[in-house]
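> Structure file run.pdb (PDB, N, CA and C atoms, pLDDT in the B column) right here:
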ATOM      1  N   MET D   1      52.583-177.725 167.294  1.00 92.00           N
ATOM      2  CA  MET D   1      51.275-177.770 167.930  1.00 92.00           C
ATOM      3  C   MET D   1      51.392-177.194 169.334  1.00 92.00           C
ATOM      4  N   PRO D   2      50.412-176.445 169.735  1.00 96.00           N
ATOM      5  CA  PRO D   2      50.463-175.834 171.068  1.00 96.00           C
ATOM      6  C   PRO D   2      49.975-176.770 172.171  1.00 96.00           C
ATOM      7  N   TYR D   3      50.313-176.399 173.384  1.00 98.00           N
ATOM      8  CA  TYR D   3      49.829-177.070 174.597  1.00 98.00           C
ATOM      9  C   TYR D   3      48.773-176.171 175.218  1.00 98.00           C
ATOM     10  N   TYR D   4      47.625-176.751 175.525  1.00 98.00           N
ATOM     11  CA  TYR D   4      46.520-176.003 176.110  1.00 98.00           C
ATOM     12  C   TYR D   4      46.355-176.412 177.568  1.00 98.00           C
ATOM     13  N   VAL D   5      46.056-175.442 178.414  1.00 98.00           N
ATOM     14  CA  VAL D   5      45.766-175.701 179.819  1.00 98.00           C
ATOM     15  C   VAL D   5      44.281-175.421 180.015  1.00 98.00           C
ATOM     16  N   PHE D   6      43.566-176.427 180.532  1.00 98.00           N
ATOM     17  CA  PHE D   6      42.125-176.320 180.723  1.00 98.00           C
ATOM     18  C   PHE D   6      41.757-176.561 182.175  1.00 98.00           C
ATOM     19  N   ALA D   7      40.664-175.916 182.589  1.00 97.00           N
ATOM     20  CA  ALA D   7      40.000-176.264 183.841  1.00 97.00           C
ATOM     21  C   ALA D   7      38.848-177.182 183.451  1.00 97.00           C
ATOM     22  N   VAL D   8      38.812-178.367 184.049  1.00 95.00           N
ATOM     23  CA  VAL D   8      37.722-179.312 183.805  1.00 95.00           C
ATOM     24  C   VAL D   8      36.807-179.233 185.012  1.00 95.00           C
ATOM     25  N   LYS D   9      35.628-178.688 184.777  1.00 94.00           N
ATOM     26  CA  LYS D   9      34.665-178.450 185.853  1.00 94.00           C
ATOM     27  C   LYS D   9      33.672-179.608 185.926  1.00 94.00           C
ATOM     28  N   PRO D  10      32.855-179.645 186.969  1.00 92.00           N
ATOM     29  CA  PRO D  10      31.831-180.704 187.054  1.00 92.00           C
ATOM     30  C   PRO D  10      30.984-180.756 185.781  1.00 92.00           C
ATOM     31  N   LEU D  11      30.487-181.936 185.477  1.00 91.00           N
ATOM     32  CA  LEU D  11      29.697-182.213 184.279  1.00 91.00           C
ATOM     33  C   LEU D  11      30.517-182.090 183.004  1.00 91.00           C
ATOM     34  N   GLY D  12      31.841-182.106 183.136  1.00 88.00           N
ATOM     35  CA  GLY D  12      32.711-182.077 181.971  1.00 88.00           C
ATOM     36  C   GLY D  12      32.827-180.736 181.276  1.00 88.00           C
ATOM     37  N   LEU D  13      32.430-179.667 181.929  1.00 94.00           N
ATOM     38  CA  LEU D  13      32.556-178.337 181.338  1.00 94.00           C
ATOM     39  C   LEU D  13      34.024-177.937 181.279  1.00 94.00           C
ATOM     40  N   LEU D  14      34.447-177.439 180.117  1.00 96.00           N
ATOM     41  CA  LEU D  14      35.849-177.078 179.906  1.00 96.00           C
ATOM     42  C   LEU D  14      36.008-175.567 179.800  1.00 96.00           C
ATOM     43  N   GLN D  15      37.071-175.062 180.405  1.00 96.00           N
ATOM     44  CA  GLN D  15      37.402-173.644 180.300  1.00 96.00           C
ATOM     45  C   GLN D  15      38.885-173.543 179.973  1.00 96.00           C
ATOM     46  N   LYS D  16      39.193-172.945 178.830  1.00 97.00           N
ATOM     47  CA  LYS D  16      40.595-172.760 178.451  1.00 97.00           C
ATOM     48  C   LYS D  16      41.204-171.694 179.352  1.00 97.00           C
ATOM     49  N   LEU D  17      42.332-172.050 179.964  1.00 97.00           N
ATOM     50  CA  LEU D  17      43.002-171.117 180.862  1.00 97.00           C
ATOM     51  C   LEU D  17      44.228-170.479 180.224  1.00 97.00           C
ATOM     52  N   ALA D  18      44.934-171.248 179.369  1.00 97.00           N
ATOM     53  CA  ALA D  18      46.161-170.723 178.772  1.00 97.00           C
ATOM     54  C   ALA D  18      46.569-171.590 177.585  1.00 97.00           C
ATOM     55  N   GLU D  19      47.520-171.064 176.800  1.00 97.00           N
ATOM     56  CA  GLU D  19      48.068-171.772 175.649  1.00 97.00           C
ATOM     57  C   GLU D  19      49.568-171.504 175.604  1.00 97.00           C
ATOM     58  N   PHE D  20      50.364-172.554 175.402  1.00 98.00           N
ATOM     59  CA  PHE D  20      51.817-172.436 175.401  1.00 98.00           C
ATOM     60  C   PHE D  20      52.408-173.182 174.209  1.00 98.00           C
ATOM     61  N   ASP D  21      53.590-172.758 173.789  1.00 97.00           N
ATOM     62  CA  ASP D  21      54.300-173.434 172.704  1.00 97.00           C
ATOM     63  C   ASP D  21      55.149-174.591 173.206  1.00 97.00           C
ATOM     64  N   ALA D  22      55.512-174.578 174.481  1.00 97.00           N
ATOM     65  CA  ALA D  22      56.393-175.609 175.040  1.00 97.00           C
ATOM     66  C   ALA D  22      55.727-176.304 176.220  1.00 97.00           C
ATOM     67  N   PHE D  23      55.969-177.618 176.321  1.00 97.00           N
ATOM     68  CA  PHE D  23      55.368-178.398 177.399  1.00 97.00           C
ATOM     69  C   PHE D  23      55.840-177.921 178.769  1.00 97.00           C
ATOM     70  N   LYS D  24      57.111-177.582 178.888  1.00 97.00           N
ATOM     71  CA  LYS D  24      57.670-177.183 180.190  1.00 97.00           C
ATOM     72  C   LYS D  24      56.903-176.001 180.780  1.00 97.00           C
ATOM     73  N   GLU D  25      56.609-175.020 179.941  1.00 98.00           N
ATOM     74  CA  GLU D  25      55.856-173.844 180.415  1.00 98.00           C
ATOM     75  C   GLU D  25      54.417-174.215 180.772  1.00 98.00           C
ATOM     76  N   ALA D  26      53.781-175.024 179.928  1.00 98.00           N
ATOM     77  CA  ALA D  26      52.395-175.432 180.181  1.00 98.00           C
ATOM     78  C   ALA D  26      52.304-176.240 181.468  1.00 98.00           C
ATOM     79  N   SER D  27      53.247-177.156 181.658  1.00 97.00           N
ATOM     80  CA  SER D  27      53.252-177.989 182.856  1.00 97.00           C
ATOM     81  C   SER D  27      53.469-177.149 184.112  1.00 97.00           C
ATOM     82  N   ALA D  28      54.403-176.222 184.059  1.00 98.00           N
ATOM     83  CA  ALA D  28      54.674-175.358 185.218  1.00 98.00           C
ATOM     84  C   ALA D  28      53.448-174.514 185.558  1.00 98.00           C
ATOM     85  N   HIS D  29      52.767-174.003 184.538  1.00 98.00           N
ATOM     86  CA  HIS D  29      51.562-173.202 184.766  1.00 98.00           C
ATOM     87  C   HIS D  29      50.461-174.046 185.406  1.00 98.00           C
ATOM     88  N   ALA D  30      50.264-175.253 184.877  1.00 97.00           N
ATOM     89  CA  ALA D  30      49.235-176.148 185.422  1.00 97.00           C
ATOM     90  C   ALA D  30      49.553-176.522 186.868  1.00 97.00           C
ATOM     91  N   LYS D  31      50.803-176.797 187.166  1.00 97.00           N
ATOM     92  CA  LYS D  31      51.193-177.155 188.545  1.00 97.00           C
ATOM     93  C   LYS D  31      50.957-175.987 189.492  1.00 97.00           C
ATOM     94  N   ALA D  32      51.250-174.774 189.033  1.00 97.00           N
ATOM     95  CA  ALA D  32      51.015-173.593 189.875  1.00 97.00           C
ATOM     96  C   ALA D  32      49.520-173.413 190.141  1.00 97.00           C
ATOM     97  N   LEU D  33      48.696-173.619 189.112  1.00 96.00           N
ATOM     98  CA  LEU D  33      47.245-173.497 189.292  1.00 96.00           C
ATOM     99  C   LEU D  33      46.728-174.561 190.259  1.00 96.00           C
ATOM    100  N   ARG D  34      47.222-175.786 190.132  1.00 96.00           N
ATOM    101  CA  ARG D  34      46.787-176.862 191.036  1.00 96.00           C
ATOM    102  C   ARG D  34      47.189-176.559 192.482  1.00 96.00           C
ATOM    103  N   ALA D  35      48.399-176.024 192.658  1.00 95.00           N
ATOM    104  CA  ALA D  35      48.879-175.714 194.007  1.00 95.00           C
ATOM    105  C   ALA D  35      48.066-174.587 194.645  1.00 95.00           C
ATOM    106  N   ALA D  36      47.527-173.703 193.824  1.00 95.00           N
ATOM    107  CA  ALA D  36      46.759-172.568 194.343  1.00 95.00           C
ATOM    108  C   ALA D  36      45.311-172.930 194.673  1.00 95.00           C
ATOM    109  N   GLN D  37      44.873-174.109 194.242  1.00 93.00           N
ATOM    110  CA  GLN D  37      43.491-174.510 194.510  1.00 93.00           C
ATOM    111  C   GLN D  37      43.311-174.856 195.982  1.00 93.00           C
ATOM    112  N   PRO D  38      42.145-174.532 196.529  1.00 92.00           N
ATOM    113  CA  PRO D  38      41.870-174.924 197.914  1.00 92.00           C
ATOM    114  C   PRO D  38      41.689-176.446 198.004  1.00 92.00           C
ATOM    115  N   ALA D  39      41.894-176.982 199.184  1.00 89.00           N
ATOM    116  CA  ALA D  39      41.720-178.424 199.394  1.00 89.00           C
ATOM    117  C   ALA D  39      40.289-178.820 199.066  1.00 89.00           C
ATOM    118  N   GLY D  40      40.133-179.945 198.394  1.00 87.00           N
ATOM    119  CA  GLY D  40      38.799-180.427 198.056  1.00 87.00           C
ATOM    120  C   GLY D  40      38.175-179.747 196.849  1.00 87.00           C
ATOM    121  N   ALA D  41      38.963-179.034 196.068  1.00 89.00           N
ATOM    122  CA  ALA D  41      38.425-178.348 194.890  1.00 89.00           C
ATOM    123  C   ALA D  41      37.895-179.370 193.889  1.00 89.00           C
ATOM    124  N   VAL D  42      36.798-179.036 193.231  1.00 92.00           N
ATOM    125  CA  VAL D  42      36.185-179.953 192.274  1.00 92.00           C
ATOM    126  C   VAL D  42      36.656-179.692 190.846  1.00 92.00           C
ATOM    127  N   VAL D  43      37.452-178.663 190.641  1.00 94.00           N
ATOM    128  CA  VAL D  43      37.975-178.337 189.316  1.00 94.00           C
ATOM    129  C   VAL D  43      39.329-179.015 189.135  1.00 94.00           C
ATOM    130  N   ARG D  44      39.476-179.732 188.013  1.00 94.00           N
ATOM    131  CA  ARG D  44      40.757-180.362 187.688  1.00 94.00           C
ATOM    132  C   ARG D  44      41.456-179.516 186.630  1.00 94.00           C
ATOM    133  N   VAL D  45      42.769-179.419 186.709  1.00 96.00           N
ATOM    134  CA  VAL D  45      43.549-178.672 185.725  1.00 96.00           C
ATOM    135  C   VAL D  45      44.289-179.698 184.866  1.00 96.00           C
ATOM    136  N   LYS D  46      44.088-179.601 183.542  1.00 97.00           N
ATOM    137  CA  LYS D  46      44.662-180.561 182.611  1.00 97.00           C
ATOM    138  C   LYS D  46      45.454-179.841 181.536  1.00 97.00           C
ATOM    139  N   VAL D  47      46.536-180.488 181.061  1.00 97.00           N
ATOM    140  CA  VAL D  47      47.319-180.000 179.931  1.00 97.00           C
ATOM    141  C   VAL D  47      47.038-180.925 178.754  1.00 97.00           C
ATOM    142  N   MET D  48      46.765-180.345 177.581  1.00 97.00           N
ATOM    143  CA  MET D  48      46.465-181.145 176.400  1.00 97.00           C
ATOM    144  C   MET D  48      47.265-180.624 175.214  1.00 97.00           C
ATOM    145  N   PHE D  49      47.876-181.541 174.466  1.00 97.00           N
ATOM    146  CA  PHE D  49      48.642-181.234 173.264  1.00 97.00           C
ATOM    147  C   PHE D  49      47.761-181.550 172.065  1.00 97.00           C
ATOM    148  N   ALA D  50      47.485-180.548 171.219  1.00 97.00           N
ATOM    149  CA  ALA D  50      46.596-180.773 170.081  1.00 97.00           C
ATOM    150  C   ALA D  50      46.854-179.736 168.991  1.00 97.00           C
ATOM    151  N   ASP D  51      46.318-180.028 167.795  1.00 96.00           N
ATOM    152  CA  ASP D  51      46.468-179.113 166.654  1.00 96.00           C
ATOM    153  C   ASP D  51      45.833-177.759 166.914  1.00 96.00           C
ATOM    154  N   ASN D  52      44.668-177.782 167.590  1.00 97.00           N
ATOM    155  CA  ASN D  52      43.940-176.536 167.854  1.00 97.00           C
ATOM    156  C   ASN D  52      43.081-176.727 169.101  1.00 97.00           C
ATOM    157  N   GLN D  53      42.434-175.654 169.523  1.00 96.00           N
ATOM    158  CA  GLN D  53      41.642-175.703 170.754  1.00 96.00           C
ATOM    159  C   GLN D  53      40.475-176.671 170.637  1.00 96.00           C
ATOM    160  N   LEU D  54      39.827-176.714 169.489  1.00 97.00           N
ATOM    161  CA  LEU D  54      38.693-177.616 169.298  1.00 97.00           C
ATOM    162  C   LEU D  54      39.124-179.085 169.431  1.00 97.00           C
ATOM    163  N   ALA D  55      40.270-179.420 168.854  1.00 97.00           N
ATOM    164  CA  ALA D  55      40.787-180.792 168.962  1.00 97.00           C
ATOM    165  C   ALA D  55      41.140-181.121 170.414  1.00 97.00           C
ATOM    166  N   ALA D  56      41.703-180.160 171.129  1.00 97.00           N
ATOM    167  CA  ALA D  56      42.052-180.373 172.543  1.00 97.00           C
ATOM    168  C   ALA D  56      40.790-180.610 173.368  1.00 97.00           C
ATOM    169  N   GLU D  57      39.762-179.827 173.119  1.00 96.00           N
ATOM    170  CA  GLU D  57      38.497-180.005 173.840  1.00 96.00           C
ATOM    171  C   GLU D  57      37.875-181.362 173.528  1.00 96.00           C
ATOM    172  N   ASP D  58      37.967-181.784 172.266  1.00 96.00           N
ATOM    173  CA  ASP D  58      37.441-183.090 171.879  1.00 96.00           C
ATOM    174  C   ASP D  58      38.185-184.210 172.608  1.00 96.00           C
ATOM    175  N   LEU D  59      39.503-184.137 172.652  1.00 95.00           N
ATOM    176  CA  LEU D  59      40.298-185.152 173.342  1.00 95.00           C
ATOM    177  C   LEU D  59      39.964-185.210 174.832  1.00 95.00           C
ATOM    178  N   LEU D  60      39.775-184.058 175.450  1.00 94.00           N
ATOM    179  CA  LEU D  60      39.451-184.021 176.875  1.00 94.00           C
ATOM    180  C   LEU D  60      38.043-184.544 177.161  1.00 94.00           C
ATOM    181  N   SER D  61      37.163-184.468 176.175  1.00 93.00           N
ATOM    182  CA  SER D  61      35.780-184.898 176.363  1.00 93.00           C
ATOM    183  C   SER D  61      35.581-186.396 176.142  1.00 93.00           C
ATOM    184  N   GLN D  62      36.567-187.051 175.549  1.00 91.00           N
ATOM    185  CA  GLN D  62      36.433-188.481 175.255  1.00 91.00           C
ATOM    186  C   GLN D  62      36.535-189.303 176.531  1.00 91.00           C
ATOM    187  N   VAL D  63      35.704-190.335 176.613  1.00 85.00           N
ATOM    188  CA  VAL D  63      35.743-191.256 177.748  1.00 85.00           C
ATOM    189  C   VAL D  63      36.846-192.271 177.473  1.00 85.00           C
ATOM    190  N   ARG D  64      37.764-192.389 178.398  1.00 82.00           N
ATOM    191  CA  ARG D  64      38.896-193.312 178.224  1.00 82.00           C
ATOM    192  C   ARG D  64      38.625-194.625 178.932  1.00 82.00           C
ATOM    193  N   GLU D  65      39.092-195.709 178.313  1.00 84.00           N
ATOM    194  CA  GLU D  65      38.991-197.028 178.917  1.00 84.00           C
ATOM    195  C   GLU D  65      39.982-197.108 180.073  1.00 84.00           C
ATOM    196  N   PRO D  66      39.622-197.807 181.150  1.00 83.00           N
ATOM    197  CA  PRO D  66      40.574-197.971 182.254  1.00 83.00           C
ATOM    198  C   PRO D  66      41.796-198.751 181.798  1.00 83.00           C
ATOM    199  N   GLY D  67      42.936-198.407 182.356  1.00 81.00           N
ATOM    200  CA  GLY D  67      44.173-199.094 182.029  1.00 81.00           C
ATOM    201  C   GLY D  67      44.200-200.488 182.621  1.00 81.00           C
ATOM    202  N   PRO D  68      45.224-201.253 182.293  1.00 82.00           N
ATOM    203  CA  PRO D  68      45.330-202.606 182.832  1.00 82.00           C
ATOM    204  C   PRO D  68      45.482-202.585 184.353  1.00 82.00           C
ATOM    205  N   SER D  69      44.948-203.608 184.992  1.00 80.00           N
ATOM    206  CA  SER D  69      44.974-203.658 186.455  1.00 80.00           C
ATOM    207  C   SER D  69      46.331-204.096 186.995  1.00 80.00           C
ATOM    208  N   GLY D  70      47.195-204.618 186.113  1.00 74.00           N
ATOM    209  CA  GLY D  70      48.490-205.094 186.572  1.00 74.00           C
ATOM    210  C   GLY D  70      48.507-206.581 186.833  1.00 74.00           C
ATOM    211  N   GLU D  71      47.346-207.205 186.814  1.00 70.00           N
ATOM    212  CA  GLU D  71      47.250-208.647 187.006  1.00 70.00           C
ATOM    213  C   GLU D  71      46.976-209.298 185.658  1.00 70.00           C
ATOM    214  N   GLU D  72      47.741-210.329 185.349  1.00 60.00           N
ATOM    215  CA  GLU D  72      47.522-211.036 184.093  1.00 60.00           C
ATOM    216  C   GLU D  72      47.262-212.484 184.340  1.00 60.00           C
TER     217      GLU D  72
END
Hey, can you dump this file as structure tokens for me?


Amino acid sequence: MPYYVFAVKPLGLLQKLAEFDAFKEASAHAKALRAAQPAGAVVRVKVMFADNQLAAEDLLSQVREPGPSGEE
């Protein structure tokens, strides 16, 4: 399964930026893109592992529950 690099824009708009076979390459590309962004940029760069681009977009569009607060 490939790794997809997406730009997540305001209102949840997704733009595919790249596709890689290995996580190391995808992660390095995403880190370089994040470093090149100006301070205060509203675009987030995300890496997603999925069967295909449609599945990756679906995963990125899902609302996730907040993780545990650390207090029990």

> Tell me, as an MDAnalysis selection string, which residues lie within 5 Å of Val45 (chain D), counting all atoms listed in the file; anything in the same chain fewer than 2 positions away does not count.

chainID D and resid 6:8 43 47

> How far is it from atom N of Pro10 (chain D) to atom C of Lys46 (chain D), in Å with one decimal?

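That distance, rounded to one decimal, is 13.7 Å.
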
> When DSSP works through the backbone of this structure, what residues of region 25-54 of chain D end up as alpha helix (DSSP H), shown as number ranges by chain?

D: 25-36, 53-54

> May I have all residues of region 3-61 of chain D that DSSP, computed from the backbone, assigns to strand (DSSP E), given as a count of residues only?

19

> Expressed in Å to a single decimal, how great is the separation between atom N of Leu13 (chain D) and atom C of Met1 (chain D)?

22.9 Å
